[in-house]
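To start, the structure itself, in structure tokens.
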Amino acid sequence: MKYGFTTGSCSAAAARAAAFMLLYKNEIHEISVMTPAGVEFKTPVEDVCREDKAVSCAVRKQSGDDPDVTDGMLIYARVSYEPFDEETPALCDDKTVDDDIENAGRIKVFAGEGIGLVTKPGLSVSPGKAAINPVPLSMIKKAVLSECDECGHEGRLYVMIYAPEGRERAKKTFNERLGIRDGISIIGTSGIVEPMSLRALKDTIALELSQKKALGHKRVLITPGNYGRDFLKEAYGYDQESSVLCSNFIGDTIDMAVDAGFESLLLMGHIGKLVKVSGGIMNTHSAVADCRMELMAASALRAGADNEILRALLDCVSTDAALSILDGAGLIKQTMECMGERIGYHLEKKAGGRIRTEFIVYSNEWGELVKSKGAKEWFTSWEPAAEQRT
């Protein structure tokens, strides 16, 4: 599969091209930079605009075989001998981990249109700063410094990174949930994009958990999807933004919550997902395992269902249909209690004593179905919930 290049690599390439054209007063149409992964990024230079004391140009984002919402958009850099407008937000710090005393302050980097602003703690960039991570920032500075050193320029240069489409494209990302406002992020630690979208999603979950911990929370509520967040709002009256979306990665999220240092978590989810947890399945994607009816039947058997009911359950195509059968047989409460016992067992087994786990299972049609013994107490003392009650 073909890999692509990060927004950080594109920013560095555009900045290097603009610096070259400013310093040498020659127009170029191709540029290359070396990524931290050791892979050369060679790319066309587009939309060149040359002035006496500044040059701007763009590089088109290339996502390879794992395209994201930024694929194909233009990332711009403007390099100038003179400072930009003071209202332009500076990046995370004047100094990056790769700066040395000799070069400190020679390159000043700013963010312009379409680059997000960080508003929440827990990211690698402090709140109030532009969403350009330390590695891309270092790449940008090194790329411009290489041109300065090559031509003997010892003065300071000012670099602005911007993306005119950034604000609109960012609406299709997780940025708003992560507290990144009004634009895309300039990211990447290796400089290349590997075709691993699942990995990117897991990284986002880990980032959300890190943010919650950075805000001082000791407990975290996780839910597989938006239905769970809607249920949280309707059933308990609390802001759905306080939860962390774990998608299908329940087991991985438990591990990440442990790594983040949380004391406890509560998993709230639809029965269509959490019934799988009753069988010890920690990745609930249907491509991994779809044994909902078998597990419904197993819990119903333990609750006293006869063969006719079990066969009817196995023929169902949805958990709501199975719940209708159980309700008709007067077994819904007993079956859910049996299922809850198994869900609790497998969550505790996965946690291995590293974190306290609680759960709530619901259905859109039937409402709350079963919850762990400590769920009510956990919920009433959950930090975001307490904040909303005050």
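A note on labels: chains of the structure tokens are A, B, ... as shown, every chain counts residues from 1, and ligands are counted from 1 in their shown order.
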Got a sec: who's within 12 Å of His29 in chain A, counting only C-alpha atoms, leaving out chain neighbours fewer than 5 positions off, as a PDB file with C-alpha atoms, in the first residue's frame?
ATOM      1  CA  ALA A  13       8.109  21.586   2.320  1.00  0.00           C
ATOM      2  CA  ALA A  14       6.108  24.731   1.582  1.00  0.00           C
ATOM      3  CA  ALA A  17      10.290  26.353  -0.960  1.00  0.00           C
ATOM      4  CA  ALA A  18       9.167  29.846   0.082  1.00  0.00           C
ATOM      5  CA  PHE A  20      14.472  29.349  -1.087  1.00  0.00           C
ATOM      6  CA  MET A  21      12.575  31.684  -3.434  1.00  0.00           C
ATOM      7  CA  LYS A  42       9.444  15.324  -3.025  1.00  0.00           C
ATOM      8  CA  THR A  43       6.482  17.396  -4.170  1.00  0.00           C
ATOM      9  CA  PRO A  44       5.372  20.085  -6.655  1.00  0.00           C
ATOM     10  CA  VAL A  45       5.196  23.679  -5.472  1.00  0.00           C
ATOM     11  CA  GLU A  46       1.963  25.480  -6.319  1.00  0.00           C
ATOM     12  CA  ASP A  47       0.435  28.979  -6.239  1.00  0.00           C
ATOM     13  CA  VAL A  48       3.674  30.931  -5.918  1.00  0.00           C
ATOM     14  CA  CYS A  57       3.552  29.107  -1.938  1.00  0.00           C
ATOM     15  CA  ALA A  58       1.619  25.911  -1.347  1.00  0.00           C
ATOM     16  CA  VAL A  59       2.095  22.161  -1.244  1.00  0.00           C
TER      17      VAL A  59
END
> What are the DSSP strand (DSSP E or B) residues of range 77-320 of chain A, as a ChimeraX atom specification?
Replying inline: /A:77-80,90,107-111,115,117-118,130,132,157-162,180-181,184,186,192-193,219-223,244-245,249,264-270,283
Within 10 Å of Lys53 in chain A, counting only C-alpha atoms, which residues qualify if same-chain residues fewer than 4 places away don't, as a compact mmCIF listing (two decimals) with C-alpha atoms, in the first residue's frame?
# COMPACT_ATOMS: atom_id res chain seq x y z
CA LEU A 22 12.85 34.59 -1.00
CA LEU A 23 16.58 34.19 -0.40
CA VAL A 79 8.22 33.46 4.53
CA SER A 80 9.13 37.09 5.15
CA TYR A 81 12.02 39.26 6.28
CA GLU A 82 9.58 41.29 8.35
>> Taking 2 positions as the minimum chain separation for residues in the same chain, which residues sit within 6 Å of range 265-281 of chain A when counting only C-alpha atoms? Answer as JSON, numbers by chain.
In response: {"A": [219, 220, 221, 222, 223, 228, 283, 319, 342, 343, 346, 357, 358, 359, 360, 361, 362, 363]}
Any chance you can output those residues with C-alpha atoms as a compact mmCIF listing (two decimals), in the first residue's frame?
# COMPACT_ATOMS: atom_id res chain seq x y z
CA ARG A 219 -13.06 8.82 36.60
CA VAL A 220 -14.08 8.59 32.98
CA LEU A 221 -17.26 7.61 31.19
CA ILE A 222 -16.83 5.84 27.86
CA THR A 223 -19.44 4.97 25.26
CA GLY A 228 -24.87 6.30 24.15
CA ASN A 283 -13.63 -5.41 19.90
CA THR A 319 -31.40 -7.19 19.80
CA ARG A 342 -21.25 -11.76 32.48
CA ILE A 343 -20.52 -8.23 31.26
CA HIS A 346 -15.42 -9.81 31.57
CA THR A 357 -15.10 -0.87 35.99
CA GLU A 358 -18.85 -0.24 35.98
CA PHE A 359 -21.42 -0.41 33.18
CA ILE A 360 -24.91 0.57 32.04
CA VAL A 361 -26.69 -1.22 29.18
CA TYR A 362 -29.64 0.38 27.41
CA SER A 363 -31.85 0.06 24.34
>> Which residues are close to Tyr162 in chain A, i.e. within 6 Å by only C-alpha atoms, leaving aside same-chain residues fewer than 4 positions away? Reply as number ranges by chain.
In response: A: 76, 112-115
Can I get the selection written as a PDB file, in the first residue's frame, with C-alpha atoms?
ATOM      1  CA  TYR A  76       0.583  27.275   2.452  1.00  0.00           C
ATOM      2  CA  GLY A 112      -2.691  31.930   9.952  1.00  0.00           C
ATOM      3  CA  GLU A 113      -6.037  31.192   8.332  1.00  0.00           C
ATOM      4  CA  GLY A 114      -7.362  27.661   8.678  1.00  0.00           C
ATOM      5  CA  ILE A 115      -4.931  26.465  11.352  1.00  0.00           C
TER       6      ILE A 115
END
For range 164-178 of chain A, please output as a JSON list (two decimals) with C-alpha atoms, in the first residue's frame all residues within 8 Å (counting only C-alpha atoms; exclusion window: fewer than 2 positions along the same chain).
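And here's out-v1.json as it stands now:
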[["chain", "number", "residue", "atom", "x", "y", "z"],
["A", 69, "VAL", "CA", -10.26, 14.84, 5.14],
["A", 70, "THR", "CA", -7.13, 16.88, 4.43],
["A", 73, "MET", "CA", -5.93, 20.40, 0.17],
["A", 74, "LEU", "CA", -3.27, 23.08, -0.18],
["A", 113, "GLU", "CA", -6.04, 31.19, 8.33],
["A", 114, "GLY", "CA", -7.36, 27.66, 8.68],
["A", 115, "ILE", "CA", -4.93, 26.46, 11.35],
["A", 116, "GLY", "CA", -6.73, 25.54, 14.54],
["A", 120, "LYS", "CA", -8.14, 22.52, 26.08],
["A", 162, "TYR", "CA", -1.98, 28.67, 6.71],
["A", 180, "ILE", "CA", -9.04, 22.56, 18.60],
["A", 181, "ARG", "CA", -11.08, 25.44, 17.22],
["A", 182, "ASP", "CA", -11.45, 26.98, 13.76],
["A", 183, "GLY", "CA", -9.08, 24.86, 11.73],
["A", 184, "ILE", "CA", -6.98, 21.79, 11.06],
["A", 185, "SER", "CA", -4.00, 20.55, 13.04],
["A", 204, "THR", "CA", -7.73, 9.91, 19.06],
["A", 207, "LEU", "CA", -5.85, 11.77, 23.24],
["A", 208, "GLU", "CA", -9.37, 12.35, 24.58],
["A", 211, "GLN", "CA", -7.36, 15.52, 28.02],
["A", 241, "GLU", "CA", -19.59, 15.90, 25.52]]
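Coordinates place CA of Asp71 in chain A at a distance of 18.9 Å from CA of Ala15 in chain A.
Proximity to Ala19 in chain A was assessed for A:Pro134, A:Thr7, A:Val55, A:Ala200 counting only C-alpha atoms; the smallest distance is recorded for A:Val55.
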> Smallest atom-to-atom distance to Asp255 in chain A: which of A:Ile309, A:Cys10, A:Leu347, A:Ile332, using only C-alpha atoms?
Replying inline: A:Leu347
DSSP on the backbone: which residues in range 152-310 of chain A end up as alpha helix (DSSP H)? Give the answer as a PDB file with N, CA and C atoms, in the first residue's frame.
ATOM      1  N   GLY A 166      -8.905  25.110   5.639  1.00  0.00           N
ATOM      2  CA  GLY A 166      -8.776  24.436   6.927  1.00  0.00           C
ATOM      3  C   GLY A 166      -9.999  24.476   7.810  1.00  0.00           C
ATOM      4  N   ARG A 167     -10.647  25.611   7.889  1.00  0.00           N
ATOM      5  CA  ARG A 167     -11.811  25.741   8.780  1.00  0.00           C
ATOM      6  C   ARG A 167     -12.931  24.785   8.369  1.00  0.00           C
ATOM      7  N   GLU A 168     -13.209  24.702   7.073  1.00  0.00           N
ATOM      8  CA  GLU A 168     -14.285  23.824   6.601  1.00  0.00           C
ATOM      9  C   GLU A 168     -13.916  22.362   6.739  1.00  0.00           C
ATOM     10  N   ARG A 169     -12.684  22.040   6.386  1.00  0.00           N
ATOM     11  CA  ARG A 169     -12.258  20.633   6.465  1.00  0.00           C
ATOM     12  C   ARG A 169     -12.241  20.134   7.903  1.00  0.00           C
ATOM     13  N   ALA A 170     -11.907  21.014   8.823  1.00  0.00           N
ATOM     14  CA  ALA A 170     -11.813  20.628  10.233  1.00  0.00           C
ATOM     15  C   ALA A 170     -13.154  20.188  10.804  1.00  0.00           C
ATOM     16  N   ASN A 175     -11.370  17.425  15.698  1.00  0.00           N
ATOM     17  CA  ASN A 175     -10.733  18.589  16.314  1.00  0.00           C
ATOM     18  C   ASN A 175     -11.605  19.305  17.331  1.00  0.00           C
ATOM     19  N   GLU A 176     -12.871  19.495  17.012  1.00  0.00           N
ATOM     20  CA  GLU A 176     -13.742  20.223  17.937  1.00  0.00           C
ATOM     21  C   GLU A 176     -13.845  19.501  19.272  1.00  0.00           C
ATOM     22  N   ARG A 177     -13.962  18.183  19.236  1.00  0.00           N
ATOM     23  CA  ARG A 177     -14.028  17.408  20.481  1.00  0.00           C
ATOM     24  C   ARG A 177     -12.726  17.499  21.268  1.00  0.00           C
ATOM     25  N   LEU A 178     -11.628  17.637  20.550  1.00  0.00           N
ATOM     26  CA  LEU A 178     -10.331  17.713  21.202  1.00  0.00           C
ATOM     27  C   LEU A 178     -10.010  19.122  21.675  1.00  0.00           C
ATOM     28  N   SER A 197      -5.917   3.508   9.356  1.00  0.00           N
ATOM     29  CA  SER A 197      -6.943   4.384   9.903  1.00  0.00           C
ATOM     30  C   SER A 197      -7.378   3.961  11.300  1.00  0.00           C
ATOM     31  N   LEU A 198      -7.356   2.647  11.582  1.00  0.00           N
ATOM     32  CA  LEU A 198      -7.740   2.175  12.909  1.00  0.00           C
ATOM     33  C   LEU A 198      -6.773   2.704  13.950  1.00  0.00           C
ATOM     34  N   ARG A 199      -5.524   2.741  13.595  1.00  0.00           N
ATOM     35  CA  ARG A 199      -4.518   3.269  14.512  1.00  0.00           C
ATOM     36  C   ARG A 199      -4.791   4.735  14.815  1.00  0.00           C
ATOM     37  N   ALA A 200      -5.163   5.495  13.785  1.00  0.00           N
ATOM     38  CA  ALA A 200      -5.464   6.911  13.985  1.00  0.00           C
ATOM     39  C   ALA A 200      -6.646   7.090  14.931  1.00  0.00           C
ATOM     40  N   LEU A 201      -7.662   6.225  14.797  1.00  0.00           N
ATOM     41  CA  LEU A 201      -8.831   6.315  15.667  1.00  0.00           C
ATOM     42  C   LEU A 201      -8.448   5.999  17.106  1.00  0.00           C
ATOM     43  N   LYS A 202      -7.619   4.975  17.300  1.00  0.00           N
ATOM     44  CA  LYS A 202      -7.173   4.647  18.654  1.00  0.00           C
ATOM     45  C   LYS A 202      -6.351   5.782  19.250  1.00  0.00           C
ATOM     46  N   ASP A 203      -5.538   6.424  18.428  1.00  0.00           N
ATOM     47  CA  ASP A 203      -4.753   7.556  18.908  1.00  0.00           C
ATOM     48  C   ASP A 203      -5.661   8.683  19.377  1.00  0.00           C
ATOM     49  N   THR A 204      -6.779   8.871  18.676  1.00  0.00           N
ATOM     50  CA  THR A 204      -7.735   9.914  19.060  1.00  0.00           C
ATOM     51  C   THR A 204      -8.381   9.587  20.402  1.00  0.00           C
ATOM     52  N   ILE A 205      -8.726   8.316  20.610  1.00  0.00           N
ATOM     53  CA  ILE A 205      -9.303   7.902  21.897  1.00  0.00           C
ATOM     54  C   ILE A 205      -8.318   8.175  23.023  1.00  0.00           C
ATOM     55  N   ALA A 206      -7.059   7.795  22.800  1.00  0.00           N
ATOM     56  CA  ALA A 206      -6.025   8.017  23.816  1.00  0.00           C
ATOM     57  C   ALA A 206      -5.866   9.503  24.116  1.00  0.00           C
ATOM     58  N   LEU A 207      -5.991  10.329  23.082  1.00  0.00           N
ATOM     59  CA  LEU A 207      -5.852  11.770  23.245  1.00  0.00           C
ATOM     60  C   LEU A 207      -7.002  12.341  24.070  1.00  0.00           C
ATOM     61  N   GLU A 208      -8.221  11.877  23.810  1.00  0.00           N
ATOM     62  CA  GLU A 208      -9.373  12.348  24.583  1.00  0.00           C
ATOM     63  C   GLU A 208      -9.238  11.955  26.047  1.00  0.00           C
ATOM     64  N   LEU A 209      -8.775  10.735  26.294  1.00  0.00           N
ATOM     65  CA  LEU A 209      -8.573  10.290  27.675  1.00  0.00           C
ATOM     66  C   LEU A 209      -7.519  11.155  28.363  1.00  0.00           C
ATOM     67  N   SER A 210      -6.457  11.462  27.638  1.00  0.00           N
ATOM     68  CA  SER A 210      -5.388  12.299  28.190  1.00  0.00           C
ATOM     69  C   SER A 210      -5.919  13.672  28.560  1.00  0.00           C
ATOM     70  N   GLN A 211      -6.794  14.210  27.723  1.00  0.00           N
ATOM     71  CA  GLN A 211      -7.365  15.522  28.017  1.00  0.00           C
ATOM     72  C   GLN A 211      -8.228  15.495  29.268  1.00  0.00           C
ATOM     73  N   LYS A 212      -9.056  14.465  29.382  1.00  0.00           N
ATOM     74  CA  LYS A 212      -9.908  14.363  30.574  1.00  0.00           C
ATOM     75  C   LYS A 212      -9.047  14.284  31.831  1.00  0.00           C
ATOM     76  N   LYS A 213      -7.973  13.517  31.763  1.00  0.00           N
ATOM     77  CA  LYS A 213      -7.082  13.384  32.919  1.00  0.00           C
ATOM     78  C   LYS A 213      -6.395  14.705  33.212  1.00  0.00           C
ATOM     79  N   ALA A 214      -5.998  15.425  32.168  1.00  0.00           N
ATOM     80  CA  ALA A 214      -5.335  16.713  32.353  1.00  0.00           C
ATOM     81  C   ALA A 214      -6.255  17.733  33.004  1.00  0.00           C
ATOM     82  N   ASN A 226     -22.599   7.652  19.423  1.00  0.00           N
ATOM     83  CA  ASN A 226     -23.447   8.805  19.733  1.00  0.00           C
ATOM     84  C   ASN A 226     -24.768   8.422  20.382  1.00  0.00           C
ATOM     85  N   TYR A 227     -25.259   7.197  20.112  1.00  0.00           N
ATOM     86  CA  TYR A 227     -26.491   6.773  20.773  1.00  0.00           C
ATOM     87  C   TYR A 227     -26.314   6.787  22.284  1.00  0.00           C
ATOM     88  N   GLY A 228     -25.140   6.316  22.723  1.00  0.00           N
ATOM     89  CA  GLY A 228     -24.867   6.296  24.154  1.00  0.00           C
ATOM     90  C   GLY A 228     -24.815   7.678  24.744  1.00  0.00           C
ATOM     91  N   ARG A 229     -24.277   8.610  23.983  1.00  0.00           N
ATOM     92  CA  ARG A 229     -24.187   9.965  24.471  1.00  0.00           C
ATOM     93  C   ARG A 229     -25.577  10.608  24.532  1.00  0.00           C
ATOM     94  N   ASP A 230     -26.420  10.291  23.557  1.00  0.00           N
ATOM     95  CA  ASP A 230     -27.800  10.790  23.582  1.00  0.00           C
ATOM     96  C   ASP A 230     -28.547  10.214  24.783  1.00  0.00           C
ATOM     97  N   PHE A 231     -28.336   8.932  25.051  1.00  0.00           N
ATOM     98  CA  PHE A 231     -28.987   8.298  26.190  1.00  0.00           C
ATOM     99  C   PHE A 231     -28.524   8.938  27.495  1.00  0.00           C
ATOM    100  N   LEU A 232     -27.238   9.243  27.579  1.00  0.00           N
ATOM    101  CA  LEU A 232     -26.703   9.907  28.759  1.00  0.00           C
ATOM    102  C   LEU A 232     -27.439  11.211  29.022  1.00  0.00           C
ATOM    103  N   LYS A 233     -27.688  11.961  27.973  1.00  0.00           N
ATOM    104  CA  LYS A 233     -28.369  13.244  28.111  1.00  0.00           C
ATOM    105  C   LYS A 233     -29.830  13.059  28.498  1.00  0.00           C
ATOM    106  N   GLU A 234     -30.502  12.139  27.809  1.00  0.00           N
ATOM    107  CA  GLU A 234     -31.937  11.954  28.038  1.00  0.00           C
ATOM    108  C   GLU A 234     -32.236  11.286  29.374  1.00  0.00           C
ATOM    109  N   ALA A 235     -31.457  10.261  29.722  1.00  0.00           N
ATOM    110  CA  ALA A 235     -31.758   9.495  30.932  1.00  0.00           C
ATOM    111  C   ALA A 235     -31.220  10.144  32.201  1.00  0.00           C
ATOM    112  N   TYR A 236     -30.075  10.836  32.081  1.00  0.00           N
ATOM    113  CA  TYR A 236     -29.438  11.368  33.275  1.00  0.00           C
ATOM    114  C   TYR A 236     -29.310  12.888  33.270  1.00  0.00           C
ATOM    115  N   ILE A 250     -13.407  -1.378  22.967  1.00  0.00           N
ATOM    116  CA  ILE A 250     -13.677  -1.357  24.405  1.00  0.00           C
ATOM    117  C   ILE A 250     -12.476  -1.839  25.190  1.00  0.00           C
ATOM    118  N   GLY A 251     -11.891  -2.947  24.787  1.00  0.00           N
ATOM    119  CA  GLY A 251     -10.724  -3.476  25.493  1.00  0.00           C
ATOM    120  C   GLY A 251      -9.541  -2.541  25.426  1.00  0.00           C
ATOM    121  N   ASP A 252      -9.272  -2.007  24.243  1.00  0.00           N
ATOM    122  CA  ASP A 252      -8.159  -1.074  24.095  1.00  0.00           C
ATOM    123  C   ASP A 252      -8.378   0.178  24.934  1.00  0.00           C
ATOM    124  N   THR A 253      -9.632   0.632  25.008  1.00  0.00           N
ATOM    125  CA  THR A 253      -9.922   1.838  25.774  1.00  0.00           C
ATOM    126  C   THR A 253      -9.711   1.609  27.269  1.00  0.00           C
ATOM    127  N   ILE A 254     -10.038   0.424  27.744  1.00  0.00           N
ATOM    128  CA  ILE A 254      -9.762   0.096  29.151  1.00  0.00           C
ATOM    129  C   ILE A 254      -8.261   0.187  29.410  1.00  0.00           C
ATOM    130  N   ASP A 255      -7.468  -0.397  28.522  1.00  0.00           N
ATOM    131  CA  ASP A 255      -6.011  -0.339  28.677  1.00  0.00           C
ATOM    132  C   ASP A 255      -5.511   1.100  28.648  1.00  0.00           C
ATOM    133  N   MET A 256      -6.077   1.914  27.748  1.00  0.00           N
ATOM    134  CA  MET A 256      -5.651   3.308  27.640  1.00  0.00           C
ATOM    135  C   MET A 256      -6.040   4.111  28.875  1.00  0.00           C
ATOM    136  N   ALA A 257      -7.211   3.802  29.427  1.00  0.00           N
ATOM    137  CA  ALA A 257      -7.652   4.503  30.641  1.00  0.00           C
ATOM    138  C   ALA A 257      -6.726   4.177  31.807  1.00  0.00           C
ATOM    139  N   VAL A 258      -6.265   2.933  31.852  1.00  0.00           N
ATOM    140  CA  VAL A 258      -5.292   2.541  32.872  1.00  0.00           C
ATOM    141  C   VAL A 258      -3.994   3.315  32.679  1.00  0.00           C
ATOM    142  N   ASP A 259      -3.508   3.345  31.458  1.00  0.00           N
ATOM    143  CA  ASP A 259      -2.263   4.049  31.155  1.00  0.00           C
ATOM    144  C   ASP A 259      -2.360   5.537  31.463  1.00  0.00           C
ATOM    145  N   ALA A 260      -3.562   6.106  31.276  1.00  0.00           N
ATOM    146  CA  ALA A 260      -3.756   7.539  31.534  1.00  0.00           C
ATOM    147  C   ALA A 260      -3.811   7.849  33.026  1.00  0.00           C
ATOM    148  N   ILE A 271     -27.264  -2.248  23.896  1.00  0.00           N
ATOM    149  CA  ILE A 271     -27.180  -3.691  24.049  1.00  0.00           C
ATOM    150  C   ILE A 271     -26.590  -4.373  22.809  1.00  0.00           C
ATOM    151  N   GLY A 272     -26.804  -3.768  21.636  1.00  0.00           N
ATOM    152  CA  GLY A 272     -26.253  -4.351  20.419  1.00  0.00           C
ATOM    153  C   GLY A 272     -24.740  -4.446  20.439  1.00  0.00           C
ATOM    154  N   LYS A 273     -24.095  -3.562  21.194  1.00  0.00           N
ATOM    155  CA  LYS A 273     -22.644  -3.616  21.371  1.00  0.00           C
ATOM    156  C   LYS A 273     -22.266  -4.408  22.616  1.00  0.00           C
ATOM    157  N   LEU A 274     -22.886  -4.068  23.728  1.00  0.00           N
ATOM    158  CA  LEU A 274     -22.436  -4.627  25.000  1.00  0.00           C
ATOM    159  C   LEU A 274     -22.826  -6.077  25.211  1.00  0.00           C
ATOM    160  N   VAL A 275     -23.806  -6.591  24.439  1.00  0.00           N
ATOM    161  CA  VAL A 275     -24.090  -8.016  24.544  1.00  0.00           C
ATOM    162  C   VAL A 275     -22.860  -8.825  24.165  1.00  0.00           C
ATOM    163  N   LYS A 276     -22.042  -8.282  23.269  1.00  0.00           N
ATOM    164  CA  LYS A 276     -20.824  -8.983  22.857  1.00  0.00           C
ATOM    165  C   LYS A 276     -19.821  -9.059  23.998  1.00  0.00           C
ATOM    166  N   VAL A 277     -19.791  -8.011  24.831  1.00  0.00           N
ATOM    167  CA  VAL A 277     -18.890  -8.014  25.978  1.00  0.00           C
ATOM    168  C   VAL A 277     -19.251  -9.139  26.941  1.00  0.00           C
ATOM    169  N   ARG A 292     -24.378 -11.823  18.518  1.00  0.00           N
ATOM    170  CA  ARG A 292     -25.329 -11.195  19.440  1.00  0.00           C
ATOM    171  C   ARG A 292     -26.438 -12.144  19.858  1.00  0.00           C
ATOM    172  N   MET A 293     -27.021 -12.830  18.874  1.00  0.00           N
ATOM    173  CA  MET A 293     -28.168 -13.690  19.189  1.00  0.00           C
ATOM    174  C   MET A 293     -27.749 -14.916  19.995  1.00  0.00           C
ATOM    175  N   GLU A 294     -26.565 -15.448  19.691  1.00  0.00           N
ATOM    176  CA  GLU A 294     -26.070 -16.588  20.466  1.00  0.00           C
ATOM    177  C   GLU A 294     -25.855 -16.209  21.928  1.00  0.00           C
ATOM    178  N   LEU A 295     -25.333 -14.999  22.143  1.00  0.00           N
ATOM    179  CA  LEU A 295     -25.102 -14.553  23.513  1.00  0.00           C
ATOM    180  C   LEU A 295     -26.404 -14.162  24.206  1.00  0.00           C
ATOM    181  N   MET A 296     -27.350 -13.609  23.458  1.00  0.00           N
ATOM    182  CA  MET A 296     -28.673 -13.350  24.029  1.00  0.00           C
ATOM    183  C   MET A 296     -29.308 -14.661  24.471  1.00  0.00           C
ATOM    184  N   ALA A 297     -29.184 -15.663  23.616  1.00  0.00           N
ATOM    185  CA  ALA A 297     -29.771 -16.975  23.941  1.00  0.00           C
ATOM    186  C   ALA A 297     -29.078 -17.593  25.144  1.00  0.00           C
ATOM    187  N   ALA A 298     -27.760 -17.413  25.256  1.00  0.00           N
ATOM    188  CA  ALA A 298     -27.024 -17.977  26.389  1.00  0.00           C
ATOM    189  C   ALA A 298     -27.505 -17.374  27.702  1.00  0.00           C
ATOM    190  N   SER A 299     -27.696 -16.059  27.723  1.00  0.00           N
ATOM    191  CA  SER A 299     -28.197 -15.420  28.943  1.00  0.00           C
ATOM    192  C   SER A 299     -29.635 -15.825  29.227  1.00  0.00           C
ATOM    193  N   ALA A 300     -30.440 -15.949  28.164  1.00  0.00           N
ATOM    194  CA  ALA A 300     -31.829 -16.377  28.349  1.00  0.00           C
ATOM    195  C   ALA A 300     -31.898 -17.792  28.885  1.00  0.00           C
ATOM    196  N   LEU A 301     -31.000 -18.657  28.427  1.00  0.00           N
ATOM    197  CA  LEU A 301     -30.964 -20.041  28.935  1.00  0.00           C
ATOM    198  C   LEU A 301     -30.685 -20.047  30.428  1.00  0.00           C
ATOM    199  N   ARG A 302     -29.738 -19.250  30.845  1.00  0.00           N
ATOM    200  CA  ARG A 302     -29.423 -19.169  32.276  1.00  0.00           C
ATOM    201  C   ARG A 302     -30.584 -18.584  33.068  1.00  0.00           C
ATOM    202  N   ASN A 307     -36.681 -24.219  25.066  1.00  0.00           N
ATOM    203  CA  ASN A 307     -36.105 -24.385  23.728  1.00  0.00           C
ATOM    204  C   ASN A 307     -36.815 -23.544  22.670  1.00  0.00           C
ATOM    205  N   GLU A 308     -38.116 -23.395  22.794  1.00  0.00           N
ATOM    206  CA  GLU A 308     -38.860 -22.621  21.806  1.00  0.00           C
ATOM    207  C   GLU A 308     -38.419 -21.159  21.815  1.00  0.00           C
ATOM    208  N   ILE A 309     -38.248 -20.613  23.003  1.00  0.00           N
ATOM    209  CA  ILE A 309     -37.796 -19.221  23.116  1.00  0.00           C
ATOM    210  C   ILE A 309     -36.368 -19.082  22.608  1.00  0.00           C
ATOM    211  N   LEU A 310     -35.529 -20.054  22.945  1.00  0.00           N
ATOM    212  CA  LEU A 310     -34.132 -19.996  22.504  1.00  0.00           C
ATOM    213  C   LEU A 310     -34.029 -20.024  20.986  1.00  0.00           C
TER     214      LEU A 310
END
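When CA of Gly191 in chain A is paired with CA of Gly72 in chain A, their separation reads 16.3 Å.
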>> Can you measure CA of Val109 in chain A to CA of Val39 in chain A for me? One decimal in Å is fine.
In response: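 A separation of 24.0 Å between them.
The protein and nucleic acid residues lying at most 9 Å from Ile192 in chain A are Tyr3, Gly4, Phe5, Thr6, Gly8, Ser9, Thr35, Pro36, Ala37, Val39, Phe41, Ser63 and Gly188 of chain A, with only C-alpha atoms considered and sequence neighbours fewer than 4 positions away removed.
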